[in-house]
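This is query-v7.txt. It holds compact mmCIF, C-alpha atoms.
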# COMPACT_ATOMS: atom_id res chain seq x y z
CA MET A 1 5.93 -6.47 29.63
CA ASP A 2 5.26 -8.51 26.56
CA LEU A 3 8.03 -10.87 25.52
CA GLU A 4 7.03 -11.02 21.86
CA ASN A 5 6.86 -7.26 21.68
CA THR A 6 10.32 -6.86 23.24
CA LYS A 7 11.74 -9.37 20.78
CA ALA A 8 10.12 -7.55 17.88
CA GLN A 9 11.55 -4.25 19.07
CA MET A 10 15.04 -5.78 19.27
CA ARG A 11 14.75 -7.13 15.74
CA LYS A 12 13.50 -3.84 14.39
CA GLY A 13 16.50 -2.07 15.86
CA ILE A 14 19.03 -4.26 14.12
CA LEU A 15 17.14 -4.74 10.87
CA GLU A 16 18.29 -1.45 9.41
CA TYR A 17 21.87 -2.38 10.23
CA CYS A 18 21.45 -5.84 8.70
CA ILE A 19 20.10 -4.46 5.42
CA LEU A 20 23.12 -2.21 5.03
CA SER A 21 25.43 -5.11 5.90
CA VAL A 22 23.86 -7.36 3.27
CA LEU A 23 24.31 -4.61 0.69
CA SER A 24 27.92 -3.93 1.73
CA LYS A 25 29.00 -7.15 -0.04
CA ASN A 26 27.37 -6.48 -3.39
CA SER A 27 24.37 -4.78 -4.91
CA CYS A 28 21.20 -6.79 -4.44
CA TYR A 29 17.69 -7.29 -5.71
CA ALA A 30 15.10 -6.86 -2.94
CA SER A 31 14.22 -10.57 -2.98
CA ASP A 32 17.91 -11.48 -2.47
CA ILE A 33 18.03 -9.22 0.57
CA ILE A 34 14.90 -10.90 1.90
CA ARG A 35 16.40 -14.35 1.43
CA GLU A 36 19.51 -13.44 3.41
CA LEU A 37 17.53 -11.77 6.16
CA LYS A 38 15.23 -14.77 6.39
CA GLU A 39 18.12 -17.21 6.58
CA ALA A 40 19.55 -15.14 9.39
CA LYS A 41 16.09 -15.03 11.00
CA VAL A 42 16.13 -11.28 11.54
CA ILE A 43 12.95 -10.71 9.56
CA VAL A 44 9.58 -12.35 10.11
CA VAL A 45 7.22 -10.74 7.61
CA GLU A 46 8.62 -9.56 4.31
CA GLY A 47 6.59 -6.38 4.18
CA THR A 48 8.84 -4.87 6.86
CA LEU A 49 11.69 -4.55 4.41
CA TYR A 50 10.16 -2.27 1.80
CA PRO A 51 9.39 0.83 3.85
CA LEU A 52 12.89 0.57 5.35
CA LEU A 53 14.59 0.28 1.96
CA THR A 54 12.75 3.30 0.65
CA ARG A 55 13.52 5.32 3.78
CA GLN A 56 17.21 4.45 3.52
CA LYS A 57 17.16 5.38 -0.15
CA ASN A 58 15.45 8.69 0.58
CA SER A 59 18.03 9.57 3.22
CA GLY A 60 20.82 8.94 0.74
CA LEU A 61 22.28 5.73 2.20
CA LEU A 62 21.20 3.61 -0.75
CA SER A 63 20.71 4.07 -4.42
CA TYR A 64 19.22 1.72 -6.95
CA ARG A 65 19.41 0.96 -10.64
CA TRP A 66 17.04 -0.91 -12.92
CA GLU A 67 18.34 -4.09 -14.43
CA GLU A 68 16.74 -6.16 -17.16
CA SER A 69 15.61 -9.62 -16.16
CA GLN A 70 14.96 -12.65 -18.37
CA GLN A 71 11.94 -13.67 -16.35
CA GLY A 72 9.89 -10.51 -16.42
CA PRO A 73 9.84 -6.80 -15.76
CA PRO A 74 13.12 -5.03 -14.95
CA ARG A 75 14.34 -5.40 -11.39
CA LYS A 76 15.49 -2.83 -8.88
CA TYR A 77 19.02 -3.44 -7.66
CA TYR A 78 20.01 -1.62 -4.49
CA GLU A 79 23.54 -0.61 -3.55
CA LEU A 80 25.27 1.43 -0.86
CA THR A 81 26.19 5.01 -1.62
CA PRO A 82 29.55 6.32 -0.30
CA GLU A 83 27.50 8.00 2.42
CA GLY A 84 25.89 4.66 3.22
CA LYS A 85 29.30 3.05 3.52
CA THR A 86 30.52 5.51 6.16
CA TYR A 87 27.18 5.17 7.93
CA LEU A 88 27.63 1.40 7.99
CA GLU A 89 31.19 1.67 9.32
CA ASP A 90 29.84 3.74 12.20
CA LEU A 91 27.12 1.18 12.86
CA ASP A 92 29.72 -1.64 12.74
CA LYS A 93 31.64 0.08 15.50
CA SER A 94 28.64 0.74 17.68
CA TRP A 95 27.44 -2.85 17.20
CA ASP A 96 30.78 -4.19 18.41
CA GLU A 97 30.59 -1.90 21.39
CA LEU A 98 27.06 -3.02 22.16
CA VAL A 99 27.97 -6.70 22.01
CA GLU A 100 30.91 -6.03 24.28
CA SER A 101 28.78 -4.13 26.76
CA VAL A 102 26.09 -6.80 26.86
CA ASN A 103 28.67 -9.57 27.24
CA LEU A 104 30.34 -7.68 30.05
CA ILE A 105 27.07 -7.35 31.94
CA ARG A 106 26.07 -10.96 31.34
CA SER A 107 29.41 -12.38 32.44
CA LYS A 108 29.44 -10.56 35.76
CA MET B 1 -17.11 -23.41 -11.38
CA LYS B 2 -15.84 -20.00 -10.43
CA ILE B 3 -15.53 -16.64 -12.13
CA THR B 4 -11.97 -15.39 -12.47
CA VAL B 5 -10.71 -11.86 -12.78
CA SER B 6 -7.70 -10.79 -14.80
CA ILE B 7 -5.32 -8.44 -13.01
CA ASN B 8 -2.00 -6.72 -13.56
CA LEU B 9 0.21 -7.02 -10.50
CA GLY B 10 3.76 -5.75 -10.61
CA GLY B 11 3.85 -5.93 -14.40
CA TYR B 12 2.66 -9.52 -14.62
CA SER B 13 -0.82 -10.51 -15.64
CA PHE B 14 -2.67 -13.04 -13.51
CA ASN B 15 -5.97 -14.84 -13.55
CA ILE B 16 -7.35 -14.83 -10.08
CA ASP B 17 -10.51 -16.26 -8.52
CA GLU B 18 -13.15 -13.69 -7.74
CA ASP B 19 -13.08 -14.22 -3.96
CA ALA B 20 -9.28 -14.24 -3.94
CA TYR B 21 -9.34 -10.99 -5.88
CA SER B 22 -11.46 -9.18 -3.32
CA GLU B 23 -9.22 -10.46 -0.52
CA LEU B 24 -6.12 -9.22 -2.32
CA LYS B 25 -7.68 -5.89 -3.13
CA LEU B 26 -8.64 -5.41 0.50
CA TYR B 27 -5.10 -6.18 1.61
CA LEU B 28 -3.56 -3.71 -0.81
CA LYS B 29 -6.05 -1.01 0.18
CA ASN B 30 -5.25 -1.59 3.83
CA LEU B 31 -1.58 -1.35 3.01
CA GLU B 32 -2.10 1.86 1.10
CA LEU B 33 -3.86 3.38 4.10
CA HIS B 34 -1.13 2.42 6.51
CA LEU B 35 1.60 3.74 4.29
CA ALA B 36 -0.30 6.92 3.46
CA ASP B 37 1.85 9.10 5.73
CA GLU B 38 5.09 7.59 4.51
CA GLU B 39 7.28 9.54 2.11
CA SER B 40 7.19 7.87 -1.36
CA SER B 41 4.41 5.53 -0.28
CA SER B 42 3.52 4.71 -3.87
CA GLU B 43 7.06 3.47 -4.43
CA ILE B 44 6.86 1.20 -1.39
CA LEU B 45 3.51 -0.09 -2.57
CA SER B 46 4.75 -0.90 -6.03
CA ASP B 47 7.80 -2.68 -4.57
CA ILE B 48 5.50 -4.77 -2.42
CA GLU B 49 3.25 -5.52 -5.39
CA THR B 50 6.27 -6.63 -7.40
CA ARG B 51 7.29 -8.99 -4.62
CA MET B 52 3.77 -10.39 -4.30
CA ALA B 53 3.68 -10.96 -8.05
CA GLU B 54 6.90 -12.95 -7.73
CA LEU B 55 5.46 -15.05 -4.93
CA PHE B 56 2.30 -15.71 -6.94
CA ARG B 57 4.29 -16.73 -9.98
CA SER B 58 6.18 -19.30 -7.96
CA ARG B 59 2.81 -20.85 -7.07
CA LEU B 60 1.62 -21.25 -10.63
CA THR B 61 2.40 -24.28 -12.82
CA PRO B 62 1.20 -25.36 -16.27
CA TYR B 63 -1.43 -27.37 -14.39
CA LYS B 64 -2.43 -24.62 -12.02
CA GLN B 65 -3.02 -21.36 -13.81
CA VAL B 66 -5.39 -19.50 -11.53
CA ILE B 67 -4.56 -17.87 -8.22
CA SER B 68 -6.84 -19.16 -5.49
CA MET B 69 -7.88 -17.85 -2.10
CA THR B 70 -5.32 -20.17 -0.48
CA ASP B 71 -2.52 -18.60 -2.54
CA VAL B 72 -3.61 -15.11 -1.59
CA LYS B 73 -3.82 -16.02 2.10
CA GLU B 74 -0.39 -17.65 2.02
CA VAL B 75 1.24 -14.73 0.25
CA ILE B 76 -0.38 -12.26 2.65
CA ALA B 77 0.97 -14.33 5.55
CA ILE B 78 4.46 -14.06 4.05
CA MET B 79 4.20 -10.32 3.50
CA GLY B 80 2.61 -9.69 6.88
CA ASN B 81 -0.04 -7.29 8.10
CA PRO B 82 0.67 -3.60 7.61
CA GLU B 83 0.11 -3.14 11.35
CA ASP B 84 3.18 -5.31 11.95
CA PHE B 85 5.62 -3.48 9.80
CA SER B 86 5.11 0.17 10.33
CA ASP B 87 7.68 1.32 12.87
CA GLY B 88 7.38 2.82 16.35
CA GLU B 89 5.68 5.96 15.13
CA SER B 90 2.80 3.82 13.98
CA SER B 91 0.86 4.22 17.22
CA SER B 92 0.38 7.92 16.55
CA ARG B 93 -0.49 7.11 12.97
CA LYS B 94 -3.05 4.56 13.99
CA ALA B 95 -4.70 7.07 16.30
CA LYS B 96 -5.01 9.34 13.31
CA PHE B 97 -7.01 6.77 11.40
CA TYR B 98 -9.80 6.77 13.92
CA THR B 99 -10.33 10.49 14.23
CA PRO B 100 -13.13 11.84 12.04
CA GLY B 101 -11.81 12.22 8.54
CA PRO B 102 -11.86 15.35 6.42
CA HIS B 103 -15.07 16.22 4.61
CA ARG B 104 -14.32 17.39 1.09
CA MET B 105 -16.37 17.90 -2.00
CA TYR B 106 -15.48 15.72 -4.95
CA ARG B 107 -17.09 14.76 -8.21
CA ASP B 108 -18.73 11.39 -7.73
CA PRO B 109 -17.97 9.22 -10.78
CA ASP B 110 -20.08 6.29 -9.57
CA HIS B 111 -23.44 8.06 -9.71
CA ARG B 112 -22.80 10.59 -12.42
CA ILE B 113 -25.00 11.62 -15.30
CA ILE B 114 -22.57 14.04 -16.99
CA GLY B 115 -19.47 14.80 -14.94
CA GLY B 116 -20.47 13.73 -11.45
CA VAL B 117 -20.78 17.31 -10.14
CA CYS B 118 -24.35 17.02 -8.89
CA SER B 119 -23.91 13.51 -7.52
CA GLY B 120 -20.78 14.73 -5.73
CA MET B 121 -22.67 17.64 -4.17
CA GLY B 122 -25.44 15.26 -3.18
CA ALA B 123 -22.95 12.93 -1.49
CA TYR B 124 -21.34 15.88 0.28
CA TRP B 125 -24.57 17.30 1.73
CA ASP B 126 -26.24 13.91 1.98
CA ILE B 127 -29.22 14.86 -0.18
CA GLU B 128 -30.62 13.17 -3.28
CA PRO B 129 -28.55 14.23 -6.30
CA TRP B 130 -31.69 14.70 -8.45
CA ILE B 131 -32.73 17.66 -6.26
CA ILE B 132 -29.46 19.38 -7.16
CA ARG B 133 -29.86 18.36 -10.80
CA VAL B 134 -33.33 19.95 -10.96
CA ILE B 135 -31.95 23.19 -9.47
CA MET B 136 -29.03 23.12 -11.90
CA VAL B 137 -31.26 22.61 -14.91
CA ALA B 138 -33.58 25.39 -13.70
CA LEU B 139 -30.59 27.69 -13.34
CA ALA B 140 -29.37 26.68 -16.78
CA PHE B 141 -32.62 27.94 -18.25
CA ALA B 142 -32.34 31.13 -16.20
CA GLY B 143 -29.87 32.80 -18.50
CA GLY B 144 -27.38 29.94 -18.59
CA LEU B 145 -26.19 30.52 -15.03
CA GLY B 146 -26.49 26.80 -14.24
CA LEU B 147 -24.19 25.93 -17.11
CA VAL B 148 -21.55 28.37 -15.92
CA ILE B 149 -21.75 27.08 -12.33
CA TYR B 150 -21.60 23.51 -13.55
CA LEU B 151 -18.57 24.17 -15.71
CA ILE B 152 -16.69 25.95 -12.93
CA LEU B 153 -17.46 23.19 -10.43
CA TYR B 154 -16.47 20.57 -12.97
CA ILE B 155 -13.06 22.21 -13.30
CA VAL B 156 -12.59 23.02 -9.62
CA LEU B 157 -13.75 19.77 -8.02
CA PRO B 158 -11.43 16.78 -8.29
CA GLU B 159 -12.92 13.40 -9.09
CA ALA B 160 -13.15 10.98 -6.16
CA LYS B 161 -10.91 8.24 -7.53
CA THR B 162 -9.61 6.31 -4.54
CA THR B 163 -11.73 4.60 -1.94
CA ALA B 164 -10.41 6.97 0.70
CA GLN B 165 -11.56 9.96 -1.33
CA LYS B 166 -15.00 8.45 -1.79
CA ILE B 167 -15.28 8.12 1.97
CA GLU B 168 -14.03 11.68 2.51
CA MET B 169 -16.69 12.86 0.10
CA LYS B 170 -19.36 11.58 2.47
CA GLY B 171 -17.51 12.92 5.49
CA GLU B 172 -17.11 9.56 7.16
CA PRO B 173 -13.86 8.86 9.00
CA VAL B 174 -11.35 7.08 6.80
CA ASN B 175 -10.50 3.89 8.62
CA ILE B 176 -9.96 0.28 7.79
CA ASN B 177 -13.56 -0.75 8.40
CA ASN B 178 -14.95 1.93 6.14
CA ILE B 179 -12.51 1.04 3.41
CA LYS B 180 -13.47 -2.59 3.80
CA ASP B 181 -17.16 -1.74 3.42
CA SER B 182 -16.72 0.39 0.34
CA VAL B 183 -14.36 -2.03 -1.33
CA LYS B 184 -16.92 -4.74 -0.74
CA LYS B 185 -19.66 -2.54 -2.19
CA GLU B 186 -17.53 -1.71 -5.21
CA PHE B 187 -16.82 -5.37 -5.68
CA GLU B 188 -20.51 -6.28 -5.51
CA THR B 189 -21.25 -3.70 -8.24
CA VAL B 190 -18.54 -5.13 -10.46
CA ARG B 191 -19.94 -8.59 -9.94
CA LYS B 192 -23.50 -7.49 -10.73
CA ASN B 193 -22.32 -5.76 -13.89
CA MET B 194 -20.48 -8.85 -15.00
CA LYS B 195 -23.57 -11.03 -14.63
CA LEU B 196 -25.71 -8.71 -16.74
What's the structure tokens form of this structure?
Amino acid sequence: MDLENTKAQMRKGILEYCILSVLSKNSCYASDIIRELKEAKVIVVEGTLYPLLTRQKNSGLLSYRWEESQQGPPRKYYELTPEGKTYLEDLDKSWDELVESVNLIRSK
Amino acid sequence: MKITVSINLGGYSFNIDEDAYSELKLYLKNLELHLADEESSSEILSDIETRMAELFRSRLTPYKQVISMTDVKEVIAIMGNPEDFSDGESSSRKAKFYTPGPHRMYRDPDHRIIGGVCSGMGAYWDIEPWIIRVIMVALAFAGGLGLVIYLILYIVLPEAKTTAQKIEMKGEPVNINNIKDSVKKEFETVRKNMKL
């Protein structure tokens, strides 16, 4: 067993959930998502985010629009689709259940 | 003194040191390979390039206008190695990289005289392209058959544009080390041309 590997696996599992949660508040530019994820320490290398975002977009959980920016080329703003919102609600529930289960086991 | 290269990354133009450029190019090639199986990989790549451009811009000031090797290394450290961010399926993908690659015929634009048909055939069969050229020319005089063959092949064969295709053309397995070698070779040629 490799501790670092286990930790990385745990983070990977919740990363998808975290991205959707960040976007549930308002639509975001990829770099804003990265900042939040970094503050929360759920992401180590930034490259991880982009394949996930595109996969979530392809499966219909996210959509994006182009927005003009004063500093350079237009930026991609991601937001949750209605489908993404229900998906997130489901994940919220299962996260709560998971936390409960883990706490139950640890407190015994 | 150092030579700089001018590049377009994510819609911004940058001046970048020659050595830093080859490092960056290598990284992006590596990334492209790892994402090759991903749906909409070009979209992911361009998103990553946009982000890297942003990170580079934050490192430039009116007093520092050229991207150095240190900048490239730092930005790569922030973005991470492609090995780190493909998901669980990546192990099967990685295995794929080290199996012998496909062997396809392409037109070889790097050694072409006209359209790269003969050089492409030479690369495919690993023989000197001039042997094929001589045969072609001979056939061209024999009632124009060579011209017809050449034209058909020119239309049918795609040009080897990417590094991966150039490696496929020679039938070598497409893996990171091969890509590294050919990118280095390509880079050396560019440098030689610039000095002339």
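Proximity to chain A was assessed for B:Tyr124, B:Phe141, B:Tyr63, B:Tyr12 counting only C-alpha atoms; the smallest distance is recorded for B:Tyr12.
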Within 9 Å of Leu37 in chain A, counting all atoms listed in the file, which residues qualify if same-chain residues fewer than 5 places away don't, as number ranges by chain? A: 15, 18-19, 22, 32, 42-44
Test item: chain B residues at most 7 Å from chain A, counting all atoms listed in the file, as a VMD selection string: chain B and resid 11 44 47 to 48 78 to 80 85
May I have the residues from that selection written out with C-alpha atoms, as a compact mmCIF listing (two decimals), in the frame of the given file?
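The result, stored in part.txt:
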# COMPACT_ATOMS: atom_id res chain seq x y z
CA GLY B 11 3.85 -5.93 -14.40
CA ILE B 44 6.86 1.20 -1.39
CA ASP B 47 7.80 -2.68 -4.57
CA ILE B 48 5.50 -4.77 -2.42
CA ILE B 78 4.46 -14.06 4.05
CA MET B 79 4.20 -10.32 3.50
CA GLY B 80 2.61 -9.69 6.88
CA PHE B 85 5.62 -3.48 9.80
With only C-alpha atoms as the basis for distance, which of A:Asn26, A:Val99, A:Arg11, A:Glu67 is at the shortest distance from Ala40 in chain A?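 Using only C-alpha atoms, Ala40 in chain A sits closest to A:Arg11.
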Counting all atoms listed in the file, which residue out of B:Glu23, B:Arg107, B:Ile114, B:Ala53 sits closest to Lys73 in chain B?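 Closest to Lys73 in chain B, using all atoms listed in the file: B:Glu23.
Note that CA of Lys166 in chain B and CA of Met136 in chain B are 22.7 Å apart.
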Do you have the CA of Glu38 in chain B-CA of Asn8 in chain B distance handy?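 For CA of Glu38 in chain B relative to CA of Asn8 in chain B, the distance reads 24.1 Å.
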Can you pull out the residues contacting range 143-151 of chain B? Cut-off 12 Å, using all atoms listed in the file, and skip same-chain residues under 6 positions away; I want them as a count of residues only. 16
I need the residue nearest Lys41 in chain A from this list: A:Gly60, A:Ile14, A:Lys25, A:Thr86. Use all atoms listed in the file for the distance. A:Ile14
